[in-house]
file structure17.cif (mmCIF, C-alpha atoms, pLDDT in the B column; chains and numbers go by the auth columns)
data_coords
loop_
_atom_site.group_PDB
_atom_site.id
_atom_site.type_symbol
_atom_site.label_atom_id
_atom_site.label_comp_id
_atom_site.label_asym_id
_atom_site.label_seq_id
_atom_site.Cartn_x
_atom_site.Cartn_y
_atom_site.Cartn_z
_atom_site.B_iso_or_equiv
_atom_site.auth_seq_id
_atom_site.auth_asym_id
ATOM 1 C CA MET A 1 38.922 48.274 -26.117 47.00 218 Y
ATOM 2 C CA MET A 2 39.515 48.346 -22.356 53.00 219 Y
ATOM 3 C CA THR A 3 42.196 50.733 -21.122 59.00 220 Y
ATOM 4 C CA ASN A 4 42.436 48.719 -17.892 63.00 221 Y
ATOM 5 C CA LEU A 5 40.585 45.959 -16.087 62.00 222 Y
ATOM 6 C CA PHE A 6 38.416 48.317 -14.034 62.00 223 Y
ATOM 7 C CA SER A 7 37.118 50.077 -17.154 63.00 224 Y
ATOM 8 C CA VAL A 8 34.425 47.364 -17.429 59.00 225 Y
ATOM 9 C CA PHE A 9 32.671 49.248 -14.609 65.00 226 Y
ATOM 10 C CA ASP A 10 32.840 52.641 -16.373 64.00 227 Y
ATOM 11 C CA PRO A 11 29.560 54.227 -17.524 60.00 228 Y
ATOM 12 C CA SER A 12 29.848 54.174 -21.325 63.00 229 Y
ATOM 13 C CA THR A 13 26.336 54.167 -22.846 62.00 230 Y
ATOM 14 C CA THR A 14 25.510 57.790 -23.639 64.00 231 Y
ATOM 15 C CA ILE A 15 22.983 59.764 -25.686 66.00 232 Y
ATOM 16 C CA PHE A 16 23.672 63.493 -26.117 63.00 233 Y
ATOM 17 C CA ASN A 17 26.473 63.143 -23.528 66.00 234 Y
ATOM 18 C CA LEU A 18 23.961 61.915 -20.924 65.00 235 Y
ATOM 19 C CA SER A 19 24.921 58.640 -19.237 68.00 236 Y
ATOM 20 C CA LEU A 20 22.176 56.032 -19.572 70.00 237 Y
ATOM 21 C CA ASN A 21 23.896 53.431 -17.406 73.00 238 Y
ATOM 22 C CA TRP A 22 22.502 54.828 -14.162 74.00 239 Y
ATOM 23 C CA LEU A 23 18.971 54.275 -15.492 74.00 240 Y
ATOM 24 C CA SER A 24 19.490 50.578 -14.672 74.00 241 Y
ATOM 25 C CA THR A 25 19.151 51.595 -11.010 77.00 242 Y
ATOM 26 C CA PHE A 26 15.447 52.286 -11.603 76.00 243 Y
ATOM 27 C CA LEU A 27 14.638 49.109 -13.570 74.00 244 Y
ATOM 28 C CA GLY A 28 13.583 47.366 -10.362 72.00 245 Y
ATOM 29 C CA ILE A 29 10.872 49.999 -9.837 74.00 246 Y
ATOM 30 C CA LEU A 30 9.155 48.783 -13.029 74.00 247 Y
ATOM 31 C CA ILE A 31 8.374 45.466 -11.304 70.00 248 Y
ATOM 32 C CA ILE A 32 6.521 47.070 -8.372 69.00 249 Y
ATOM 33 C CA PRO A 33 3.333 48.449 -10.100 66.00 250 Y
ATOM 34 C CA SER A 34 2.443 45.024 -11.566 68.00 251 Y
ATOM 35 C CA CYS A 35 1.378 43.736 -8.126 66.00 252 Y
ATOM 36 C CA TYR A 36 -1.428 46.335 -8.063 67.00 253 Y
ATOM 37 C CA TRP A 37 -3.147 45.267 -11.295 67.00 254 Y
ATOM 38 C CA LEU A 38 -2.120 41.619 -11.814 71.00 255 Y
ATOM 39 C CA MET A 39 -3.511 38.603 -10.000 73.00 256 Y
ATOM 40 C CA PRO A 40 -1.122 37.454 -7.254 74.00 257 Y
ATOM 41 C CA ASN A 41 1.189 34.691 -8.451 75.00 258 Y
ATOM 42 C CA ARG A 42 3.689 32.412 -6.727 81.00 259 Y
ATOM 43 C CA PHE A 43 6.527 34.873 -7.173 79.00 260 Y
ATOM 44 C CA GLN A 44 4.557 37.578 -5.363 80.00 261 Y
ATOM 45 C CA PHE A 45 3.592 35.203 -2.552 84.00 262 Y
ATOM 46 C CA ILE A 46 7.263 34.235 -2.100 87.00 263 Y
ATOM 47 C CA TRP A 47 8.368 37.877 -2.200 84.00 264 Y
ATOM 48 C CA ASN A 48 5.677 38.893 0.331 86.00 265 Y
ATOM 49 C CA ASN A 49 6.809 36.117 2.686 89.00 266 Y
ATOM 50 C CA ILE A 50 10.429 37.317 2.384 89.00 267 Y
ATOM 51 C CA LEU A 51 9.395 40.900 3.158 89.00 268 Y
ATOM 52 C CA LEU A 52 7.271 39.770 6.104 91.00 269 Y
ATOM 53 C CA THR A 53 10.213 37.771 7.509 91.00 270 Y
ATOM 54 C CA LEU A 54 12.502 40.792 7.099 91.00 271 Y
ATOM 55 C CA HIS A 55 9.916 43.023 8.793 90.00 272 Y
ATOM 56 C CA LYS A 56 9.798 40.733 11.836 90.00 273 Y
ATOM 57 C CA GLU A 57 13.586 40.530 12.044 89.00 274 Y
ATOM 58 C CA PHE A 58 14.116 44.281 11.676 89.00 275 Y
ATOM 59 C CA LYS A 59 11.379 44.884 14.248 88.00 276 Y
ATOM 60 C CA THR A 60 13.287 42.651 16.688 87.00 277 Y
ATOM 61 C CA LEU A 61 16.571 44.470 15.991 86.00 278 Y
ATOM 62 C CA LEU A 62 14.987 47.904 16.467 85.00 279 Y
ATOM 63 C CA GLY A 63 13.522 46.849 19.832 78.00 280 Y
ATOM 64 C CA VAL A 64 10.547 48.257 21.676 73.00 281 Y
ATOM 65 C CA ASN A 65 11.773 51.844 21.248 72.00 282 Y
ATOM 66 C CA GLY A 66 11.706 51.644 17.443 71.00 283 Y
ATOM 67 C CA HIS A 67 9.199 53.895 15.683 73.00 284 Y
ATOM 68 C CA ASN A 68 6.261 52.299 13.870 78.00 285 Y
ATOM 69 C CA GLY A 69 6.879 51.935 10.156 78.00 286 Y
ATOM 70 C CA SER A 70 10.637 52.395 10.420 84.00 287 Y
ATOM 71 C CA THR A 71 11.182 48.835 9.145 88.00 288 Y
ATOM 72 C CA LEU A 72 9.768 49.940 5.766 88.00 289 Y
ATOM 73 C CA ILE A 73 12.862 52.096 5.195 89.00 290 Y
ATOM 74 C CA PHE A 74 15.208 49.140 5.637 91.00 291 Y
ATOM 75 C CA ILE A 75 13.007 46.740 3.639 91.00 292 Y
ATOM 76 C CA SER A 76 12.978 49.257 0.761 89.00 293 Y
ATOM 77 C CA LEU A 77 16.744 49.617 1.066 91.00 294 Y
ATOM 78 C CA PHE A 78 17.163 45.837 0.937 92.00 295 Y
ATOM 79 C CA SER A 79 14.903 45.575 -2.127 90.00 296 Y
ATOM 80 C CA LEU A 80 16.701 48.368 -4.011 89.00 297 Y
ATOM 81 C CA ILE A 81 20.177 46.910 -3.427 92.00 298 Y
ATOM 82 C CA LEU A 82 18.999 43.358 -4.178 91.00 299 Y
ATOM 83 C CA PHE A 83 17.444 44.367 -7.523 89.00 300 Y
ATOM 84 C CA ASN A 84 20.558 46.282 -8.566 89.00 301 Y
ATOM 85 C CA ASN A 85 22.906 43.484 -7.509 90.00 302 Y
ATOM 86 C CA PHE A 86 20.961 40.950 -9.551 89.00 303 Y
ATOM 87 C CA LEU A 87 20.601 43.227 -12.585 86.00 304 Y
ATOM 88 C CA GLY A 88 24.398 43.548 -12.652 85.00 305 Y
ATOM 89 C CA LEU A 89 24.641 39.785 -13.279 87.00 306 Y
ATOM 90 C CA PHE A 90 22.892 40.088 -16.652 85.00 307 Y
ATOM 91 C CA PRO A 91 25.016 40.845 -19.738 80.00 308 Y
ATOM 92 C CA TYR A 92 25.314 44.466 -20.878 78.00 309 Y
ATOM 93 C CA ILE A 93 23.533 45.864 -17.796 80.00 310 Y
ATOM 94 C CA PHE A 94 25.424 48.421 -15.744 80.00 311 Y
ATOM 95 C CA THR A 95 26.141 47.381 -12.123 83.00 312 Y
ATOM 96 C CA SER A 96 25.371 50.575 -10.219 85.00 313 Y
ATOM 97 C CA THR A 97 26.127 49.024 -6.799 87.00 314 Y
ATOM 98 C CA SER A 98 29.762 48.529 -7.848 86.00 315 Y
ATOM 99 C CA HIS A 99 30.254 52.318 -7.648 86.00 316 Y
ATOM 100 C CA LEU A 100 30.771 54.332 -4.480 87.00 317 Y
ATOM 101 C CA THR A 101 28.593 57.030 -6.064 87.00 318 Y
ATOM 102 C CA LEU A 102 25.495 54.954 -5.323 88.00 319 Y
ATOM 103 C CA THR A 103 26.566 53.083 -2.174 91.00 320 Y
ATOM 104 C CA LEU A 104 27.810 56.229 -0.410 91.00 321 Y
ATOM 105 C CA THR A 105 24.623 58.024 -1.478 91.00 322 Y
ATOM 106 C CA LEU A 106 22.663 55.341 0.376 91.00 323 Y
ATOM 107 C CA ALA A 107 24.927 54.962 3.430 92.00 324 Y
ATOM 108 C CA LEU A 108 25.906 58.573 4.208 93.00 325 Y
ATOM 109 C CA PRO A 109 22.426 60.190 4.504 92.00 326 Y
ATOM 110 C CA LEU A 110 21.176 57.236 6.573 91.00 327 Y
ATOM 111 C CA TRP A 111 24.098 57.419 9.008 91.00 328 Y
ATOM 112 C CA LEU A 112 23.921 61.239 9.152 92.00 329 Y
ATOM 113 C CA SER A 113 20.198 61.212 9.937 91.00 330 Y
ATOM 114 C CA PHE A 114 20.747 58.644 12.727 89.00 331 Y
ATOM 115 C CA MET A 115 23.552 60.743 14.215 90.00 332 Y
ATOM 116 C CA LEU A 116 21.607 64.014 14.062 90.00 333 Y
ATOM 117 C CA TYR A 117 18.525 62.405 15.607 89.00 334 Y
ATOM 118 C CA GLY A 118 20.594 60.699 18.322 87.00 335 Y
ATOM 119 C CA TRP A 119 22.683 63.701 19.330 87.00 336 Y
ATOM 120 C CA ILE A 120 19.722 66.126 19.267 89.00 337 Y
ATOM 121 C CA CYS A 121 17.056 63.952 20.926 86.00 338 Y
ATOM 122 C CA HIS A 122 19.117 61.493 23.018 81.00 339 Y
ATOM 123 C CA THR A 123 22.334 63.367 23.816 84.00 340 Y
ATOM 124 C CA GLN A 124 22.999 61.660 27.145 85.00 341 Y
ATOM 125 C CA HIS A 125 22.418 58.228 25.607 81.00 342 Y
ATOM 126 C CA MET A 126 24.886 58.982 22.783 82.00 343 Y
ATOM 127 C CA PHE A 127 27.550 60.122 25.261 81.00 344 Y
ATOM 128 C CA ALA A 128 27.014 56.903 27.250 80.00 345 Y
ATOM 129 C CA HIS A 129 27.670 54.874 24.072 78.00 346 Y
ATOM 130 C CA LEU A 130 31.161 56.365 23.782 82.00 347 Y
ATOM 131 C CA VAL A 131 32.265 54.579 26.974 81.00 348 Y
ATOM 132 C CA PRO A 132 31.304 50.870 27.198 76.00 349 Y
ATOM 133 C CA GLN A 133 30.062 49.652 30.554 76.00 350 Y
ATOM 134 C CA GLY A 134 32.794 48.427 32.890 75.00 351 Y
ATOM 135 C CA THR A 135 35.632 50.395 31.235 76.00 352 Y
ATOM 136 C CA PRO A 136 38.412 51.350 33.726 79.00 353 Y
ATOM 137 C CA ALA A 137 38.788 55.086 34.360 78.00 354 Y
ATOM 138 C CA VAL A 138 42.334 55.090 32.923 82.00 355 Y
ATOM 139 C CA LEU A 139 41.142 53.734 29.558 79.00 356 Y
ATOM 140 C CA MET A 140 38.097 55.994 29.211 81.00 357 Y
ATOM 141 C CA PRO A 141 39.793 58.734 27.076 82.00 358 Y
ATOM 142 C CA PHE A 142 41.163 56.068 24.693 84.00 359 Y
ATOM 143 C CA MET A 143 37.772 54.325 24.468 85.00 360 Y
ATOM 144 C CA VAL A 144 36.090 57.622 23.578 85.00 361 Y
ATOM 145 C CA CYS A 145 38.599 58.131 20.726 88.00 362 Y
ATOM 146 C CA ILE A 146 38.195 54.549 19.483 87.00 363 Y
ATOM 147 C CA GLU A 147 34.386 54.624 19.651 85.00 364 Y
ATOM 148 C CA THR A 148 34.276 58.021 17.895 88.00 365 Y
ATOM 149 C CA ILE A 149 36.513 56.824 15.057 89.00 366 Y
ATOM 150 C CA SER A 150 34.555 53.580 14.638 87.00 367 Y
ATOM 151 C CA ASN A 151 31.341 55.620 14.549 87.00 368 Y
ATOM 152 C CA VAL A 152 32.632 58.091 11.953 89.00 369 Y
ATOM 153 C CA ILE A 153 33.886 55.431 9.521 91.00 370 Y
ATOM 154 C CA ARG A 154 30.597 53.499 9.540 90.00 371 Y
ATOM 155 C CA PRO A 155 29.142 54.974 6.310 91.00 372 Y
ATOM 156 C CA GLY A 156 32.473 54.375 4.564 92.00 373 Y
ATOM 157 C CA THR A 157 32.642 50.737 5.664 92.00 374 Y
ATOM 158 C CA LEU A 158 29.015 50.163 4.633 91.00 375 Y
ATOM 159 C CA ALA A 159 29.620 51.628 1.173 92.00 376 Y
ATOM 160 C CA VAL A 160 33.039 50.056 0.553 92.00 377 Y
ATOM 161 C CA ARG A 161 31.907 46.590 1.733 92.00 378 Y
ATOM 162 C CA LEU A 162 29.076 46.492 -0.816 92.00 379 Y
ATOM 163 C CA THR A 163 31.159 48.001 -3.638 91.00 380 Y
ATOM 164 C CA ALA A 164 34.193 45.757 -3.053 91.00 381 Y
ATOM 165 C CA ASN A 165 32.111 42.569 -2.921 91.00 382 Y
ATOM 166 C CA MET A 166 30.303 43.427 -6.149 89.00 383 Y
ATOM 167 C CA ILE A 167 33.526 44.406 -7.949 89.00 384 Y
ATOM 168 C CA ALA A 168 35.517 41.335 -6.829 88.00 385 Y
ATOM 169 C CA GLY A 169 33.265 38.704 -8.389 86.00 386 Y
ATOM 170 C CA HIS A 170 32.672 40.700 -11.571 85.00 387 Y
ATOM 171 C CA LEU A 171 36.409 41.229 -12.043 86.00 388 Y
ATOM 172 C CA LEU A 172 37.117 37.529 -11.639 86.00 389 Y
ATOM 173 C CA MET A 173 34.423 36.644 -14.185 86.00 390 Y
ATOM 174 C CA THR A 174 35.799 39.266 -16.604 83.00 391 Y
ATOM 175 C CA LEU A 175 39.332 37.908 -16.234 83.00 392 Y
ATOM 176 C CA LEU A 176 38.193 34.351 -16.966 84.00 393 Y
ATOM 177 C CA GLY A 177 35.997 35.518 -19.841 81.00 394 Y
ATOM 178 C CA ASN A 178 38.877 37.382 -21.496 80.00 395 Y
ATOM 179 C CA THR A 179 41.027 34.226 -21.543 80.00 396 Y
ATOM 180 C CA GLY A 180 38.304 32.222 -23.338 75.00 397 Y
ATOM 181 C CA PRO A 181 39.110 33.058 -27.007 76.00 398 Y
ATOM 182 C CA LEU A 182 42.771 32.077 -26.546 76.00 399 Y
ATOM 183 C CA ALA A 183 42.144 28.806 -24.687 76.00 400 Y
ATOM 184 C CA SER A 184 41.983 25.241 -25.971 80.00 401 Y
ATOM 185 C CA ASN A 185 38.725 23.269 -25.998 81.00 402 Y
ATOM 186 C CA PHE A 186 39.452 21.498 -22.691 83.00 403 Y
ATOM 187 C CA ILE A 187 40.390 24.773 -20.939 84.00 404 Y
ATOM 188 C CA LEU A 188 37.327 26.436 -22.482 84.00 405 Y
ATOM 189 C CA TYR A 189 34.982 23.817 -20.989 86.00 406 Y
ATOM 190 C CA LEU A 190 36.742 24.196 -17.649 88.00 407 Y
ATOM 191 C CA ILE A 191 36.375 27.995 -17.772 86.00 408 Y
ATOM 192 C CA LEU A 192 32.674 27.587 -18.606 88.00 409 Y
ATOM 193 C CA ILE A 193 32.100 25.369 -15.547 91.00 410 Y
ATOM 194 C CA VAL A 194 34.007 27.797 -13.320 89.00 411 Y
ATOM 195 C CA GLN A 195 32.013 30.740 -14.754 89.00 412 Y
ATOM 196 C CA ILE A 196 28.714 29.007 -13.951 91.00 413 Y
ATOM 197 C CA ALA A 197 29.946 28.298 -10.401 92.00 414 Y
ATOM 198 C CA LEU A 198 31.031 31.939 -10.044 91.00 415 Y
ATOM 199 C CA LEU A 199 27.637 33.101 -11.312 91.00 416 Y
ATOM 200 C CA LEU A 200 25.917 31.045 -8.606 93.00 417 Y
ATOM 201 C CA LEU A 201 28.342 32.445 -6.035 92.00 418 Y
ATOM 202 C CA GLU A 202 27.665 36.004 -7.230 92.00 419 Y
ATOM 203 C CA SER A 203 23.920 35.373 -6.925 92.00 420 Y
ATOM 204 C CA ALA A 204 24.456 34.381 -3.291 93.00 421 Y
ATOM 205 C CA VAL A 205 26.708 37.404 -2.721 93.00 422 Y
ATOM 206 C CA ALA A 206 24.021 39.677 -4.234 92.00 423 Y
ATOM 207 C CA ILE A 207 21.495 38.464 -1.643 92.00 424 Y
ATOM 208 C CA ILE A 208 23.912 38.387 1.302 94.00 425 Y
ATOM 209 C CA GLN A 209 25.372 41.860 0.714 93.00 426 Y
ATOM 210 C CA SER A 210 21.969 43.517 0.385 93.00 427 Y
ATOM 211 C CA TYR A 211 20.891 41.762 3.601 93.00 428 Y
ATOM 212 C CA VAL A 212 24.107 42.791 5.419 93.00 429 Y
ATOM 213 C CA PHE A 213 23.713 46.429 4.327 93.00 430 Y
ATOM 214 C CA ALA A 214 20.090 46.546 5.537 93.00 431 Y
ATOM 215 C CA VAL A 215 20.792 44.744 8.840 93.00 432 Y
ATOM 216 C CA LEU A 216 23.786 46.938 9.714 92.00 433 Y
ATOM 217 C CA SER A 217 21.742 50.057 8.924 91.00 434 Y
ATOM 218 C CA THR A 218 19.024 48.723 11.245 91.00 435 Y
ATOM 219 C CA LEU A 219 21.561 48.093 14.028 89.00 436 Y
ATOM 220 C CA TYR A 220 22.998 51.611 13.656 89.00 437 Y
ATOM 221 C CA SER A 221 19.459 52.964 13.909 88.00 438 Y
ATOM 222 C CA SER A 222 18.691 50.924 17.040 85.00 439 Y
ATOM 223 C CA GLU A 223 21.745 52.336 18.831 83.00 440 Y
ATOM 224 C CA VAL A 224 20.454 55.914 18.814 81.00 441 Y
ATOM 225 C CA ASN A 225 17.148 55.106 20.574 73.00 442 Y
#
call {"tool": "encode", "arguments": {"input": "structure17.cif", "output": "structure tokens"}}
result
Amino acid sequence: MMTNLFSVFDPSTTIFNLSLNWLSTFLGILIIPSCYWLMPNRFQFIWNNILLTLHKEFKTLLGVNGHNGSTLIFISLFSLILFNNFLGLFPYIFTSTSHLTLTLTLALPLWLSFMLYGWICHTQHMFAHLVPQGTPAVLMPFMVCIETISNVIRPGTLAVRLTANMIAGHLLMTLLGNTGPLASNFILYLILIVQIALLLLESAVAIIQSYVFAVLSTLYSSEVN
């Protein structure tokens, strides 16, 4: 029995008072070892092409000053979020990316490491970022305040964007699903069609949001070099 609509996102599967829901976060890792002992199949070829495309794009975003191998961090981040987003679309699997506990855990350390590296190693460059080129002298103090605030809220916006997008679709599907038992046959067929359309939309959102999270993290990284 749900106490409220958002309780569908509550961790509830426990053994000895230990929550098992968060174990769904690591289900994607089980897929990785198979590529080392199985013959390559079409799925692996497609996945390798996707990763290679992402590597080239992230390399372009990082620029010539980007460190070698740094794209692997963002590709791994993309893969982790994508697996978790898709797992949340299956019945009775906990959607870990719909909680700020996970999304903030990913966004905050990344942003903090970029800031520490930038301010320690490229202090002058970071100060220059606070005042955009061509800003009038009168507006410079205000621009510093605005740029500082926009910089500080970045991990929050990264985390909330992913969480809100995952919650929104799931809530809508839950609302429609709860009205099913009370509906007539015609309304039931209509709800079923809408649910299938929403499932396709959520699949697209799962891909787009993981891509947006990884790309924005890459852009934040490129700004400190």
call {"tool": "closest_residue", "arguments": {"input": "structure17.cif", "among": "Y:Asn395, Y:Gly386, Y:Met357, Y:Phe430", "to": "Thr374 (chain Y)", "atoms": "all atoms listed in the file"}}
result
Y:Phe430
call {"tool": "axis_aligned_box", "arguments": {"input": "structure17.cif", "around": "region 413-425 of chain Y", "padding_each_side": "3 Å", "output": "AutoDock Vina command-line options"}}
result
--center_x 26.3 --center_y 34.0 --center_z -6.3 --size_x 15.5 --size_y 17.4 --size_z 21.3
call {"tool": "resolve_selection", "arguments": {"input": "structure17.cif", "expression": "the PyMOL selection byres ((chain Y and resi 240-244) around 8)", "output": "mmCIF file with C-alpha atoms, keeping the file's coordinate frame"}}
result
data_model
loop_
_atom_site.group_PDB
_atom_site.id
_atom_site.type_symbol
_atom_site.label_atom_id
_atom_site.label_comp_id
_atom_site.auth_asym_id
_atom_site.auth_seq_id
_atom_site.Cartn_x
_atom_site.Cartn_y
_atom_site.Cartn_z
ATOM 1 C CA LEU Y 237 22.176 56.032 -19.572
ATOM 2 C CA ASN Y 238 23.896 53.431 -17.406
ATOM 3 C CA TRP Y 239 22.502 54.828 -14.162
ATOM 4 C CA GLY Y 245 13.583 47.366 -10.362
ATOM 5 C CA ILE Y 246 10.872 49.999 -9.837
ATOM 6 C CA LEU Y 247 9.155 48.783 -13.029
ATOM 7 C CA ILE Y 248 8.374 45.466 -11.304
ATOM 8 C CA ASN Y 301 20.558 46.282 -8.566
ATOM 9 C CA LEU Y 304 20.601 43.227 -12.585
ATOM 10 C CA ILE Y 310 23.533 45.864 -17.796
ATOM 11 C CA PHE Y 311 25.424 48.421 -15.744
ATOM 12 C CA THR Y 312 26.141 47.381 -12.123
ATOM 13 C CA SER Y 313 25.371 50.575 -10.219
#
call {"tool": "resolve_selection", "arguments": {"input": "structure17.cif", "expression": "the PyMOL selection byres ((chain Y and resi 260-270) around 12)", "output": "list in words"}}
result
Ile248, Ile249, Pro250, Ser251, Cys252, Tyr253, Leu255, Met256, Pro257, Asn258, Arg259, Leu271, His272, Lys273, Glu274, Phe275, Lys276, Thr277, Thr288, Leu289, Ile290, Phe291, Ile292, Ser293, Leu294, Phe295, Ser296, Ile424 and Tyr428 of chain Y
call {"tool": "atom_distance", "arguments": {"input": "structure17.cif", "atom1": "CA of Thr380 (chain Y)", "atom2": "CA of Leu317 (chain Y)"}}
result
6.4 Å
call {"tool": "closest_residue", "arguments": {"input": "structure17.cif", "among": "Y:Pro372, Y:Met360, Y:Pro398, Y:Leu407", "to": "Leu323 (chain Y)", "atoms": "only C-alpha atoms"}}
result
Y:Pro372
call {"tool": "closest_residue", "arguments": {"input": "structure17.cif", "among": "Y:Leu321, Y:Ile410, Y:Met343, Y:Ala421", "to": "Ser439 (chain Y)", "atoms": "all atoms listed in the file"}}
result
Y:Met343
call {"tool": "closest_residue", "arguments": {"input": "structure17.cif", "among": "Y:Leu409, Y:Thr314, Y:Val441, Y:Leu325", "to": "Ile370 (chain Y)", "atoms": "all atoms listed in the file"}}
result
Y:Leu325
call {"tool": "residues_around", "arguments": {"input": "structure17.cif", "residues": "Val361 (chain Y)", "least_positions_apart": "5", "cutoff": "10 Å", "atoms": "only C-alpha atoms", "output": "JSON, numbers by chain"}}
result
{"Y": [344, 345, 346, 347, 348, 349, 356, 366, 367]}
call {"tool": "closest_residue", "arguments": {"input": "structure17.cif", "among": "Y:Val429, Y:Leu279, Y:Leu417, Y:Leu306", "to": "Ala376 (chain Y)", "atoms": "all atoms listed in the file"}}
result
Y:Val429
